[in-house]
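Trainee: Got final-v3.txt for you, compact mmCIF, N, CA and C atoms:
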```
# COMPACT_ATOMS: atom_id res chain seq x y z
N MET A 19 -16.92 25.40 11.14
CA MET A 19 -16.07 24.46 10.46
C MET A 19 -15.49 25.09 9.21
N ALA A 20 -14.19 25.06 9.12
CA ALA A 20 -13.51 25.63 7.96
C ALA A 20 -12.75 24.52 7.24
N PHE A 21 -12.77 24.63 5.94
CA PHE A 21 -12.06 23.66 5.11
C PHE A 21 -10.66 24.19 4.84
N ASN A 22 -9.64 23.43 5.23
CA ASN A 22 -8.27 23.87 5.02
C ASN A 22 -7.49 22.80 4.26
N PHE A 23 -6.22 23.10 3.96
CA PHE A 23 -5.40 22.16 3.19
C PHE A 23 -5.13 20.87 3.95
N SER A 24 -5.08 20.96 5.26
CA SER A 24 -4.89 19.77 6.07
C SER A 24 -6.08 18.81 5.91
N ALA A 25 -7.28 19.35 5.95
CA ALA A 25 -8.47 18.52 5.76
C ALA A 25 -8.50 17.93 4.35
N PHE A 26 -8.10 18.74 3.37
CA PHE A 26 -8.03 18.24 1.99
C PHE A 26 -7.03 17.09 1.89
N SER A 27 -5.89 17.22 2.56
CA SER A 27 -4.89 16.15 2.55
C SER A 27 -5.44 14.87 3.14
N TYR A 28 -6.17 14.99 4.24
CA TYR A 28 -6.75 13.81 4.86
C TYR A 28 -7.84 13.19 4.00
N ILE A 29 -8.62 14.01 3.29
CA ILE A 29 -9.65 13.46 2.41
C ILE A 29 -9.01 12.68 1.26
N ILE A 30 -7.97 13.26 0.66
CA ILE A 30 -7.25 12.55 -0.41
C ILE A 30 -6.61 11.28 0.14
N ALA A 31 -6.08 11.36 1.36
CA ALA A 31 -5.47 10.17 1.98
C ALA A 31 -6.52 9.09 2.24
N LEU A 32 -7.71 9.47 2.64
CA LEU A 32 -8.77 8.48 2.86
C LEU A 32 -9.14 7.78 1.55
N ILE A 33 -9.28 8.55 0.50
CA ILE A 33 -9.64 7.96 -0.80
C ILE A 33 -8.49 7.07 -1.30
N GLY A 34 -7.26 7.59 -1.21
CA GLY A 34 -6.11 6.80 -1.65
C GLY A 34 -5.92 5.55 -0.81
N ASP A 35 -6.15 5.67 0.48
CA ASP A 35 -5.99 4.52 1.36
C ASP A 35 -7.05 3.46 1.08
N ALA A 36 -8.23 3.88 0.67
CA ALA A 36 -9.26 2.90 0.28
C ALA A 36 -8.77 2.09 -0.92
N PHE A 37 -8.12 2.75 -1.88
CA PHE A 37 -7.56 2.02 -3.02
C PHE A 37 -6.43 1.09 -2.56
N LEU A 38 -5.60 1.55 -1.64
CA LEU A 38 -4.50 0.72 -1.14
C LEU A 38 -5.02 -0.50 -0.39
N ILE A 39 -6.11 -0.33 0.34
CA ILE A 39 -6.74 -1.47 1.02
C ILE A 39 -7.24 -2.47 -0.01
N PHE A 40 -7.85 -1.96 -1.08
CA PHE A 40 -8.31 -2.85 -2.15
C PHE A 40 -7.14 -3.59 -2.78
N PHE A 41 -6.04 -2.88 -3.08
CA PHE A 41 -4.86 -3.52 -3.65
C PHE A 41 -4.32 -4.61 -2.71
N SER A 42 -4.29 -4.32 -1.41
CA SER A 42 -3.77 -5.30 -0.45
C SER A 42 -4.66 -6.54 -0.37
N ILE A 43 -5.97 -6.33 -0.39
CA ILE A 43 -6.90 -7.47 -0.38
C ILE A 43 -6.71 -8.30 -1.64
N PHE A 44 -6.53 -7.62 -2.77
CA PHE A 44 -6.30 -8.33 -4.03
C PHE A 44 -5.01 -9.15 -3.96
N HIS A 45 -3.96 -8.59 -3.36
CA HIS A 45 -2.70 -9.32 -3.21
C HIS A 45 -2.87 -10.53 -2.30
N VAL A 46 -3.59 -10.37 -1.20
CA VAL A 46 -3.81 -11.49 -0.28
C VAL A 46 -4.55 -12.62 -0.99
N ILE A 47 -5.58 -12.27 -1.73
CA ILE A 47 -6.36 -13.29 -2.45
C ILE A 47 -5.49 -13.96 -3.52
N ALA A 48 -4.71 -13.15 -4.23
CA ALA A 48 -3.88 -13.69 -5.30
C ALA A 48 -2.84 -14.66 -4.75
N PHE A 49 -2.21 -14.32 -3.65
CA PHE A 49 -1.21 -15.22 -3.09
C PHE A 49 -1.85 -16.48 -2.51
N ASP A 50 -3.06 -16.36 -2.00
CA ASP A 50 -3.76 -17.54 -1.53
C ASP A 50 -4.12 -18.46 -2.70
N GLU A 51 -4.52 -17.87 -3.82
CA GLU A 51 -4.80 -18.68 -5.01
C GLU A 51 -3.54 -19.38 -5.51
N LEU A 52 -2.41 -18.70 -5.44
CA LEU A 52 -1.16 -19.34 -5.83
C LEU A 52 -0.79 -20.48 -4.89
N LYS A 53 -1.05 -20.26 -3.61
CA LYS A 53 -0.70 -21.27 -2.61
C LYS A 53 -1.53 -22.54 -2.79
N THR A 54 -2.78 -22.37 -3.19
CA THR A 54 -3.67 -23.52 -3.36
C THR A 54 -3.72 -24.02 -4.80
N ASP A 55 -2.85 -23.48 -5.66
CA ASP A 55 -2.73 -23.90 -7.06
C ASP A 55 -4.01 -23.69 -7.87
N TYR A 56 -4.75 -22.64 -7.58
CA TYR A 56 -5.91 -22.32 -8.40
C TYR A 56 -5.54 -21.56 -9.66
N LYS A 57 -4.42 -20.84 -9.61
CA LYS A 57 -4.03 -20.00 -10.74
C LYS A 57 -2.61 -20.30 -11.17
N ASN A 58 -2.34 -19.97 -12.40
CA ASN A 58 -1.03 -20.09 -12.99
C ASN A 58 -0.14 -18.95 -12.48
N PRO A 59 1.10 -19.20 -12.10
CA PRO A 59 1.97 -18.13 -11.59
C PRO A 59 2.25 -17.03 -12.61
N ILE A 60 2.30 -17.38 -13.88
CA ILE A 60 2.56 -16.37 -14.90
C ILE A 60 1.38 -15.41 -15.00
N GLU A 61 0.17 -15.94 -15.01
CA GLU A 61 -1.04 -15.10 -15.05
C GLU A 61 -1.14 -14.24 -13.80
N GLN A 62 -0.87 -14.85 -12.66
CA GLN A 62 -1.00 -14.14 -11.40
C GLN A 62 0.02 -13.00 -11.31
N CYS A 63 1.25 -13.25 -11.69
CA CYS A 63 2.27 -12.20 -11.64
C CYS A 63 1.98 -11.11 -12.65
N SER A 64 1.41 -11.48 -13.79
CA SER A 64 1.07 -10.46 -14.78
C SER A 64 -0.11 -9.60 -14.32
N SER A 65 -0.91 -10.09 -13.38
CA SER A 65 -1.98 -9.26 -12.83
C SER A 65 -1.54 -8.49 -11.58
N LEU A 66 -0.52 -9.00 -10.88
CA LEU A 66 -0.04 -8.32 -9.67
C LEU A 66 0.99 -7.23 -9.97
N ASN A 67 1.87 -7.46 -10.92
CA ASN A 67 2.95 -6.50 -11.19
C ASN A 67 2.47 -5.12 -11.62
N PRO A 68 1.40 -5.00 -12.43
CA PRO A 68 0.94 -3.65 -12.78
C PRO A 68 0.38 -2.85 -11.60
N LEU A 69 0.10 -3.50 -10.49
CA LEU A 69 -0.45 -2.79 -9.33
C LEU A 69 0.63 -2.22 -8.41
N VAL A 70 1.87 -2.62 -8.60
CA VAL A 70 2.94 -2.22 -7.68
C VAL A 70 3.23 -0.73 -7.77
N LEU A 71 3.50 -0.23 -8.96
CA LEU A 71 3.83 1.19 -9.10
C LEU A 71 2.66 2.11 -8.76
N PRO A 72 1.40 1.80 -9.16
CA PRO A 72 0.30 2.66 -8.69
C PRO A 72 0.15 2.67 -7.17
N GLU A 73 0.40 1.53 -6.52
CA GLU A 73 0.34 1.49 -5.06
C GLU A 73 1.37 2.44 -4.46
N TYR A 74 2.59 2.38 -4.96
CA TYR A 74 3.64 3.24 -4.46
C TYR A 74 3.35 4.70 -4.76
N PHE A 75 2.83 4.99 -5.95
CA PHE A 75 2.52 6.36 -6.33
C PHE A 75 1.42 6.95 -5.45
N ILE A 76 0.36 6.19 -5.21
CA ILE A 76 -0.73 6.68 -4.36
C ILE A 76 -0.22 6.94 -2.95
N HIS A 77 0.58 6.03 -2.43
CA HIS A 77 1.08 6.18 -1.07
C HIS A 77 1.99 7.41 -0.95
N ILE A 78 2.84 7.62 -1.92
CA ILE A 78 3.74 8.78 -1.87
C ILE A 78 2.96 10.07 -2.12
N LEU A 79 1.92 10.02 -2.96
CA LEU A 79 1.14 11.22 -3.26
C LEU A 79 0.53 11.83 -2.01
N PHE A 80 -0.17 11.04 -1.23
CA PHE A 80 -0.80 11.67 -0.06
C PHE A 80 0.20 11.96 1.04
N ASN A 81 1.36 11.33 1.02
CA ASN A 81 2.39 11.71 1.98
C ASN A 81 3.06 13.03 1.59
N VAL A 82 3.15 13.30 0.30
CA VAL A 82 3.63 14.62 -0.14
C VAL A 82 2.62 15.69 0.27
N LEU A 83 1.34 15.38 0.18
CA LEU A 83 0.32 16.33 0.65
C LEU A 83 0.44 16.56 2.15
N PHE A 84 0.72 15.50 2.91
CA PHE A 84 0.94 15.67 4.35
C PHE A 84 2.16 16.55 4.62
N LEU A 85 3.19 16.41 3.81
CA LEU A 85 4.38 17.23 3.95
C LEU A 85 4.06 18.70 3.73
N PHE A 86 3.31 19.00 2.68
CA PHE A 86 2.94 20.38 2.39
C PHE A 86 1.96 20.95 3.40
N ALA A 87 1.13 20.09 3.99
CA ALA A 87 0.15 20.53 4.98
C ALA A 87 0.76 20.66 6.37
N GLY A 88 1.95 20.14 6.55
CA GLY A 88 2.59 20.21 7.87
C GLY A 88 2.06 19.18 8.84
N GLU A 89 1.52 18.10 8.32
CA GLU A 89 1.03 17.01 9.18
C GLU A 89 2.19 16.05 9.44
N TRP A 90 3.02 16.39 10.39
CA TRP A 90 4.27 15.68 10.62
C TRP A 90 4.06 14.29 11.20
N PHE A 91 3.08 14.14 12.08
CA PHE A 91 2.85 12.83 12.67
C PHE A 91 2.35 11.84 11.62
N SER A 92 1.48 12.30 10.73
CA SER A 92 0.98 11.42 9.67
C SER A 92 2.11 11.03 8.73
N LEU A 93 2.98 11.98 8.45
CA LEU A 93 4.13 11.70 7.59
C LEU A 93 5.09 10.72 8.28
N LEU A 94 5.30 10.94 9.56
CA LEU A 94 6.18 10.06 10.33
C LEU A 94 5.59 8.65 10.45
N LEU A 95 4.28 8.57 10.53
CA LEU A 95 3.59 7.29 10.61
C LEU A 95 3.81 6.46 9.34
N ASN A 96 3.89 7.14 8.20
CA ASN A 96 4.04 6.45 6.92
C ASN A 96 5.48 6.29 6.47
N ALA A 97 6.41 6.95 7.11
CA ALA A 97 7.81 6.91 6.68
C ALA A 97 8.41 5.49 6.65
N PRO A 98 8.16 4.64 7.65
CA PRO A 98 8.74 3.29 7.57
C PRO A 98 8.23 2.48 6.37
N LEU A 99 6.94 2.62 6.05
CA LEU A 99 6.40 1.88 4.91
C LEU A 99 6.94 2.43 3.60
N ILE A 100 7.12 3.74 3.51
CA ILE A 100 7.72 4.32 2.31
C ILE A 100 9.15 3.83 2.15
N ALA A 101 9.89 3.81 3.23
CA ALA A 101 11.27 3.31 3.18
C ALA A 101 11.30 1.84 2.77
N TYR A 102 10.36 1.06 3.28
CA TYR A 102 10.29 -0.35 2.89
C TYR A 102 9.95 -0.50 1.41
N HIS A 103 9.02 0.31 0.92
CA HIS A 103 8.67 0.25 -0.50
C HIS A 103 9.88 0.57 -1.38
N VAL A 104 10.64 1.59 -1.00
CA VAL A 104 11.83 1.95 -1.78
C VAL A 104 12.84 0.81 -1.72
N TYR A 105 13.07 0.27 -0.54
CA TYR A 105 14.01 -0.85 -0.39
C TYR A 105 13.57 -2.06 -1.22
N ARG A 106 12.30 -2.36 -1.15
CA ARG A 106 11.77 -3.54 -1.86
C ARG A 106 11.88 -3.36 -3.37
N TYR A 107 11.62 -2.14 -3.86
CA TYR A 107 11.67 -1.93 -5.31
C TYR A 107 13.11 -1.87 -5.82
N VAL A 108 14.01 -1.33 -5.02
CA VAL A 108 15.42 -1.29 -5.44
C VAL A 108 16.01 -2.69 -5.48
N ASN A 109 15.60 -3.56 -4.57
CA ASN A 109 16.12 -4.92 -4.49
C ASN A 109 15.20 -5.96 -5.13
N ARG A 110 14.44 -5.56 -6.11
CA ARG A 110 13.51 -6.48 -6.77
C ARG A 110 14.27 -7.41 -7.70
N PRO A 111 13.66 -8.56 -8.04
CA PRO A 111 14.33 -9.46 -8.97
C PRO A 111 14.37 -8.86 -10.37
N VAL A 112 15.29 -9.31 -11.16
CA VAL A 112 15.43 -8.80 -12.52
C VAL A 112 14.34 -9.44 -13.38
N ILE A 113 13.38 -8.60 -13.78
CA ILE A 113 12.30 -9.06 -14.66
C ILE A 113 12.16 -8.05 -15.79
N SER A 114 11.41 -8.41 -16.80
CA SER A 114 11.35 -7.58 -18.01
C SER A 114 10.60 -6.27 -17.82
N GLY A 115 9.62 -6.22 -16.94
CA GLY A 115 8.82 -5.01 -16.77
C GLY A 115 8.85 -4.53 -15.34
N PRO A 116 8.11 -3.44 -15.09
CA PRO A 116 8.04 -2.96 -13.71
C PRO A 116 7.22 -3.91 -12.84
N GLY A 117 7.59 -4.04 -11.62
CA GLY A 117 6.89 -4.92 -10.70
C GLY A 117 7.86 -5.61 -9.77
N LEU A 118 7.32 -6.41 -8.88
CA LEU A 118 8.13 -7.09 -7.86
C LEU A 118 8.13 -8.60 -7.98
N TYR A 119 7.17 -9.15 -8.69
CA TYR A 119 6.94 -10.58 -8.61
C TYR A 119 7.41 -11.29 -9.87
N ASP A 120 8.31 -12.22 -9.69
CA ASP A 120 8.87 -13.01 -10.78
C ASP A 120 8.14 -14.35 -10.83
N PRO A 121 7.54 -14.69 -11.97
CA PRO A 121 6.78 -15.95 -12.04
C PRO A 121 7.62 -17.20 -11.81
N THR A 122 8.91 -17.13 -12.09
CA THR A 122 9.74 -18.33 -11.91
C THR A 122 10.08 -18.60 -10.45
N SER A 123 10.09 -17.55 -9.63
CA SER A 123 10.48 -17.76 -8.23
C SER A 123 9.33 -17.56 -7.24
N ILE A 124 8.16 -17.15 -7.72
CA ILE A 124 7.05 -16.87 -6.80
C ILE A 124 6.52 -18.16 -6.17
N MET A 125 6.66 -19.28 -6.85
CA MET A 125 6.13 -20.53 -6.30
C MET A 125 7.06 -21.18 -5.28
N ASN A 126 8.22 -20.59 -5.06
CA ASN A 126 9.09 -21.05 -3.98
C ASN A 126 8.33 -20.83 -2.67
N ALA A 127 8.28 -21.82 -1.83
CA ALA A 127 7.45 -21.77 -0.61
C ALA A 127 7.85 -20.61 0.29
N ASP A 128 9.14 -20.37 0.45
CA ASP A 128 9.58 -19.27 1.30
C ASP A 128 9.19 -17.92 0.72
N ASN A 129 9.37 -17.78 -0.58
CA ASN A 129 9.04 -16.53 -1.26
C ASN A 129 7.54 -16.28 -1.22
N LEU A 130 6.75 -17.31 -1.45
CA LEU A 130 5.30 -17.18 -1.43
C LEU A 130 4.79 -16.83 -0.03
N ASN A 131 5.34 -17.47 1.00
CA ASN A 131 4.95 -17.14 2.38
C ASN A 131 5.34 -15.71 2.74
N TYR A 132 6.52 -15.29 2.28
CA TYR A 132 6.98 -13.92 2.55
C TYR A 132 6.05 -12.90 1.89
N CYS A 133 5.70 -13.14 0.63
CA CYS A 133 4.81 -12.21 -0.08
C CYS A 133 3.42 -12.18 0.55
N GLN A 134 2.94 -13.33 0.98
CA GLN A 134 1.62 -13.38 1.60
C GLN A 134 1.63 -12.66 2.95
N ARG A 135 2.67 -12.87 3.73
CA ARG A 135 2.80 -12.18 5.02
C ARG A 135 2.92 -10.67 4.81
N GLU A 136 3.69 -10.28 3.81
CA GLU A 136 3.85 -8.87 3.49
C GLU A 136 2.50 -8.24 3.13
N SER A 137 1.69 -8.96 2.38
CA SER A 137 0.37 -8.45 1.99
C SER A 137 -0.55 -8.28 3.20
N TRP A 138 -0.52 -9.25 4.12
CA TRP A 138 -1.34 -9.14 5.32
C TRP A 138 -0.89 -7.97 6.19
N ILE A 139 0.40 -7.78 6.31
CA ILE A 139 0.91 -6.67 7.13
C ILE A 139 0.55 -5.33 6.50
N LYS A 140 0.69 -5.23 5.18
CA LYS A 140 0.30 -3.99 4.50
C LYS A 140 -1.19 -3.72 4.68
N LEU A 141 -2.00 -4.77 4.60
CA LEU A 141 -3.44 -4.60 4.80
C LEU A 141 -3.72 -4.06 6.20
N ALA A 142 -3.06 -4.60 7.20
CA ALA A 142 -3.26 -4.13 8.58
C ALA A 142 -2.82 -2.68 8.73
N VAL A 143 -1.67 -2.33 8.15
CA VAL A 143 -1.18 -0.95 8.25
C VAL A 143 -2.13 0.01 7.55
N TYR A 144 -2.59 -0.36 6.36
CA TYR A 144 -3.50 0.52 5.63
C TYR A 144 -4.84 0.67 6.35
N LEU A 145 -5.31 -0.39 6.99
CA LEU A 145 -6.57 -0.28 7.74
C LEU A 145 -6.41 0.63 8.96
N LEU A 146 -5.31 0.47 9.69
CA LEU A 146 -5.08 1.35 10.84
C LEU A 146 -4.92 2.81 10.39
N CYS A 147 -4.19 3.00 9.31
CA CYS A 147 -4.01 4.36 8.79
C CYS A 147 -5.33 4.96 8.32
N PHE A 148 -6.21 4.14 7.75
CA PHE A 148 -7.51 4.64 7.31
C PHE A 148 -8.27 5.27 8.46
N PHE A 149 -8.31 4.58 9.59
CA PHE A 149 -9.04 5.12 10.74
C PHE A 149 -8.33 6.33 11.34
N TYR A 150 -7.00 6.34 11.29
CA TYR A 150 -6.28 7.53 11.74
C TYR A 150 -6.54 8.72 10.82
N TYR A 151 -6.58 8.49 9.51
CA TYR A 151 -6.87 9.57 8.57
C TYR A 151 -8.29 10.10 8.75
N LEU A 152 -9.21 9.20 9.05
CA LEU A 152 -10.58 9.63 9.33
C LEU A 152 -10.61 10.52 10.56
N TYR A 153 -9.91 10.12 11.61
CA TYR A 153 -9.81 10.93 12.81
C TYR A 153 -9.14 12.27 12.50
N GLY A 154 -8.04 12.24 11.75
CA GLY A 154 -7.32 13.46 11.41
C GLY A 154 -8.16 14.42 10.59
N MET A 155 -8.96 13.89 9.68
CA MET A 155 -9.84 14.74 8.87
C MET A 155 -10.89 15.42 9.75
N ILE A 156 -11.51 14.64 10.60
CA ILE A 156 -12.54 15.20 11.48
C ILE A 156 -11.93 16.23 12.42
N TYR A 157 -10.77 15.91 12.98
CA TYR A 157 -10.11 16.84 13.90
C TYR A 157 -9.71 18.13 13.19
N SER A 158 -9.18 18.03 11.98
CA SER A 158 -8.77 19.25 11.27
C SER A 158 -9.97 20.08 10.83
N LEU A 159 -11.08 19.44 10.55
CA LEU A 159 -12.29 20.20 10.20
C LEU A 159 -12.89 20.89 11.41
N ILE A 160 -12.86 20.24 12.55
CA ILE A 160 -13.46 20.82 13.76
C ILE A 160 -12.57 21.89 14.38
N SER A 161 -11.26 21.66 14.35
CA SER A 161 -10.36 22.57 15.07
C SER A 161 -10.13 23.89 14.33
N SER A 162 -10.42 23.98 13.04
CA SER A 162 -10.14 25.24 12.36
C SER A 162 -11.30 26.19 12.40
```
Would you write out, as structure tokens, the structure that this file holds?

Mentor:
Amino acid sequence: MAFNFSAFSYIIALIGDAFLIFFSIFHVIAFDELKTDYKNPIEQCSSLNPLVLPEYFIHILFNVLFLFAGEWFSLLLNAPLIAYHVYRYVNRPVISGPGLYDPTSIMNADNLNYCQRESWIKLAVYLLCFFYYLYGMIYSLISS
């Protein structure tokens, strides 16, 4: 078994993906609390907005590592979500700081359902990617 850059990329991706899974779970819980009126929208958005840019940074970081390692399938697997993140951030509402969630419009039922569905889909994608990265790490360690 030899340790190569591909295995290193998958290890970093596993660690980063664990954080992304945590962020997605936090988003799902936060939107559920908003839906059931347990929390104030201003407080909730102020806790959700600081997580947006780190989520995007972590996701792009390990995809850049996949690019340098030549892991094209892993990069291709993540390309649609990266494109969605860029689209979502470019078309975000006008708010004072970085983030996606505006406290004045988050309580709109359509917007809240959309954000909650988006969080569940991201959670599913990150979970599937986690197991693929685990497989990719083991395969790259064994094959070299």

Trainee: Using only C-alpha atoms, find each residue of segment 122-162 of chain A with at least one atom at most 10 Å away from an atom of segment 24-34 of chain A; report its shortest atom-to-atom pair and that distance in Å (one decimal), sort the rows by chain and rising residue number, and return the result as JSON lines.

Mentor:
```
{"residue": "A:Tyr144", "atom": "CA", "partner": "A:Leu32", "partner_atom": "CA", "distance": 9.9}
{"residue": "A:Cys147", "atom": "CA", "partner": "A:Leu32", "partner_atom": "CA", "distance": 8.6}
{"residue": "A:Phe148", "atom": "CA", "partner": "A:Leu32", "partner_atom": "CA", "distance": 6.0}
{"residue": "A:Phe149", "atom": "CA", "partner": "A:Leu32", "partner_atom": "CA", "distance": 8.6}
{"residue": "A:Tyr150", "atom": "CA", "partner": "A:Leu32", "partner_atom": "CA", "distance": 9.3}
{"residue": "A:Tyr151", "atom": "CA", "partner": "A:Tyr28", "partner_atom": "CA", "distance": 5.6}
{"residue": "A:Leu152", "atom": "CA", "partner": "A:Leu32", "partner_atom": "CA", "distance": 6.8}
{"residue": "A:Tyr153", "atom": "CA", "partner": "A:Tyr28", "partner_atom": "CA", "distance": 9.0}
{"residue": "A:Gly154", "atom": "CA", "partner": "A:Tyr28", "partner_atom": "CA", "distance": 6.6}
{"residue": "A:Met155", "atom": "CA", "partner": "A:Ala25", "partner_atom": "CA", "distance": 5.1}
{"residue": "A:Ile156", "atom": "CA", "partner": "A:Ala25", "partner_atom": "CA", "distance": 7.8}
{"residue": "A:Tyr157", "atom": "CA", "partner": "A:Ala25", "partner_atom": "CA", "distance": 8.5}
{"residue": "A:Ser158", "atom": "CA", "partner": "A:Ala25", "partner_atom": "CA", "distance": 5.6}
{"residue": "A:Leu159", "atom": "CA", "partner": "A:Ala25", "partner_atom": "CA", "distance": 6.1}
{"residue": "A:Ile160", "atom": "CA", "partner": "A:Ala25", "partner_atom": "CA", "distance": 9.7}
{"residue": "A:Ser162", "atom": "CA", "partner": "A:Ala25", "partner_atom": "CA", "distance": 9.6}
```

Trainee: How many Å separate atom N of Phe86 of chain A from atom C of Glu73 of chain A?

Mentor: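 Atom C of Glu73 of chain A lies 18.1 Å from atom N of Phe86 of chain A.
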
Trainee: How would you write, as an NGL selection string, the set of residues in chain A that DSSP gives as helix (DSSP H, G or I)?

Mentor: :A and (23-53 or 59-87 or 90-108 or 127-161)

Trainee: Using all atoms listed in the file, which of the listed residues (A:Val70, A:Phe80, A:Arg135, A:Ile124) sits closest to Leu93 of chain A?

Mentor: A:Phe80

Trainee: List the neighbours of segment 96-111 of chain A out to 8 Å using only N, CA and C atoms; skip same-chain residues closer than 4 positions along the sequence, and give me the result as a PyMOL selection string.

Mentor: chain A and resi 74+77-78+81+90-92+117-120

Trainee: Between A:Ser42, A:Asn129, A:Asn22, A:Asn58, which has the minimum distance to Leu141 of chain A (counting only C-alpha atoms)?

Mentor: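 Of A:Ser42, A:Asn129, A:Asn22, A:Asn58, the one nearest Leu141 of chain A is A:Ser42, counting only C-alpha atoms.
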
Trainee: Emit as AutoDock Vina command-line options the padded axis-aligned box for all listed atoms of segment 95-105 of chain A, 4 Å per side, with centre and edge lengths in Å to one decimal.

Mentor:
```
--center_x 8.8 --center_y 3.3 --center_z 4.4 --size_x 18.4 --size_y 18.6 --size_z 20.4
```

Trainee: Atom CA of His45 of chain A and atom N of Leu83 of chain A are how many Å apart?

Mentor: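 Between atom CA of His45 of chain A and atom N of Leu83 of chain A the gap is 25.3 Å.
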
Trainee: Record the distance separating atom C of Ser123 of chain A and atom C of Val143 of chain A, expressed in Å with one decimal.

Mentor: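 Interatomic distance, atom C of Ser123 of chain A to atom C of Val143 of chain A: 25.7 Å.
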
Trainee: Find the spatial neighbours of Pro121 of chain A, counting only N, CA and C atoms, within a cut-off of 8 Å - ignore same-chain residues fewer than 4 positions away - and output them as a PyMOL selection string.

Mentor: chain A and resi 58-64+113+125-126

Trainee: Could you check the closest approach to Leu95 of chain A for each of A:Ile76, A:Leu146, A:Leu71, A:Glu51 and tell me which residue wins, using only C-alpha atoms?

Mentor: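 Nearest candidate to Leu95 of chain A out of A:Ile76, A:Leu146, A:Leu71, A:Glu51: A:Leu146.
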
Trainee: For Tyr132 of chain A, which of A:Lys53, A:Phe37, A:Leu145, A:Phe23 is the closest residue, counting only C-alpha atoms?

Mentor: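 Once distances to Tyr132 of chain A are computed over only C-alpha atoms, the minimum belongs to A:Lys53.
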
Trainee: Regenerate segment 63-68 of chain A at the level of all heavy atoms and dump it as a PDB file, in the frame of the given file.

Mentor:
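result-v7.pdb, written as the output of this step:
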```
ATOM      1  N   CYS A  63       1.250 -13.250 -11.690  1.00  0.00           N
ATOM      2  CA  CYS A  63       2.270 -12.200 -11.640  1.00  0.00           C
ATOM      3  C   CYS A  63       1.980 -11.110 -12.650  1.00  0.00           C
ATOM      4  O   CYS A  63       2.256  -9.943 -12.397  1.00  0.00           O
ATOM      5  CB  CYS A  63       3.657 -12.792 -11.870  1.00  0.00           C
ATOM      6  SG  CYS A  63       4.233 -13.764 -10.470  1.00  0.00           S
ATOM      7  N   SER A  64       1.410 -11.480 -13.790  1.00  0.00           N
ATOM      8  CA  SER A  64       1.070 -10.460 -14.780  1.00  0.00           C
ATOM      9  C   SER A  64      -0.110  -9.600 -14.320  1.00  0.00           C
ATOM     10  O   SER A  64      -0.279  -8.474 -14.795  1.00  0.00           O
ATOM     11  CB  SER A  64       0.771 -11.086 -16.137  1.00  0.00           C
ATOM     12  OG  SER A  64      -0.398 -11.855 -16.088  1.00  0.00           O
ATOM     13  N   SER A  65      -0.910 -10.090 -13.380  1.00  0.00           N
ATOM     14  CA  SER A  65      -1.980  -9.260 -12.830  1.00  0.00           C
ATOM     15  C   SER A  65      -1.540  -8.490 -11.580  1.00  0.00           C
ATOM     16  O   SER A  65      -2.113  -7.460 -11.239  1.00  0.00           O
ATOM     17  CB  SER A  65      -3.214 -10.100 -12.518  1.00  0.00           C
ATOM     18  OG  SER A  65      -2.951 -10.987 -11.463  1.00  0.00           O
ATOM     19  N   LEU A  66      -0.520  -9.000 -10.880  1.00  0.00           N
ATOM     20  CA  LEU A  66      -0.040  -8.320  -9.670  1.00  0.00           C
ATOM     21  C   LEU A  66       0.990  -7.230  -9.970  1.00  0.00           C
ATOM     22  O   LEU A  66       0.995  -6.184  -9.317  1.00  0.00           O
ATOM     23  CB  LEU A  66       0.590  -9.337  -8.713  1.00  0.00           C
ATOM     24  CG  LEU A  66      -0.353 -10.295  -8.013  1.00  0.00           C
ATOM     25  CD1 LEU A  66       0.437 -11.307  -7.208  1.00  0.00           C
ATOM     26  CD2 LEU A  66      -1.315  -9.553  -7.139  1.00  0.00           C
ATOM     27  N   ASN A  67       1.870  -7.460 -10.920  1.00  0.00           N
ATOM     28  CA  ASN A  67       2.950  -6.500 -11.190  1.00  0.00           C
ATOM     29  C   ASN A  67       2.470  -5.120 -11.620  1.00  0.00           C
ATOM     30  O   ASN A  67       3.062  -4.126 -11.225  1.00  0.00           O
ATOM     31  CB  ASN A  67       3.930  -7.082 -12.214  1.00  0.00           C
ATOM     32  CG  ASN A  67       4.901  -8.036 -11.575  1.00  0.00           C
ATOM     33  OD1 ASN A  67       5.201  -7.941 -10.394  1.00  0.00           O
ATOM     34  ND2 ASN A  67       5.393  -8.985 -12.354  1.00  0.00           N
ATOM     35  N   PRO A  68       1.400  -5.000 -12.430  1.00  0.00           N
ATOM     36  CA  PRO A  68       0.940  -3.650 -12.780  1.00  0.00           C
ATOM     37  C   PRO A  68       0.380  -2.850 -11.600  1.00  0.00           C
ATOM     38  O   PRO A  68       0.206  -1.637 -11.709  1.00  0.00           O
ATOM     39  CB  PRO A  68      -0.152  -3.893 -13.827  1.00  0.00           C
ATOM     40  CG  PRO A  68       0.127  -5.230 -14.373  1.00  0.00           C
ATOM     41  CD  PRO A  68       0.744  -6.013 -13.257  1.00  0.00           C
TER      42      PRO A  68
END
```
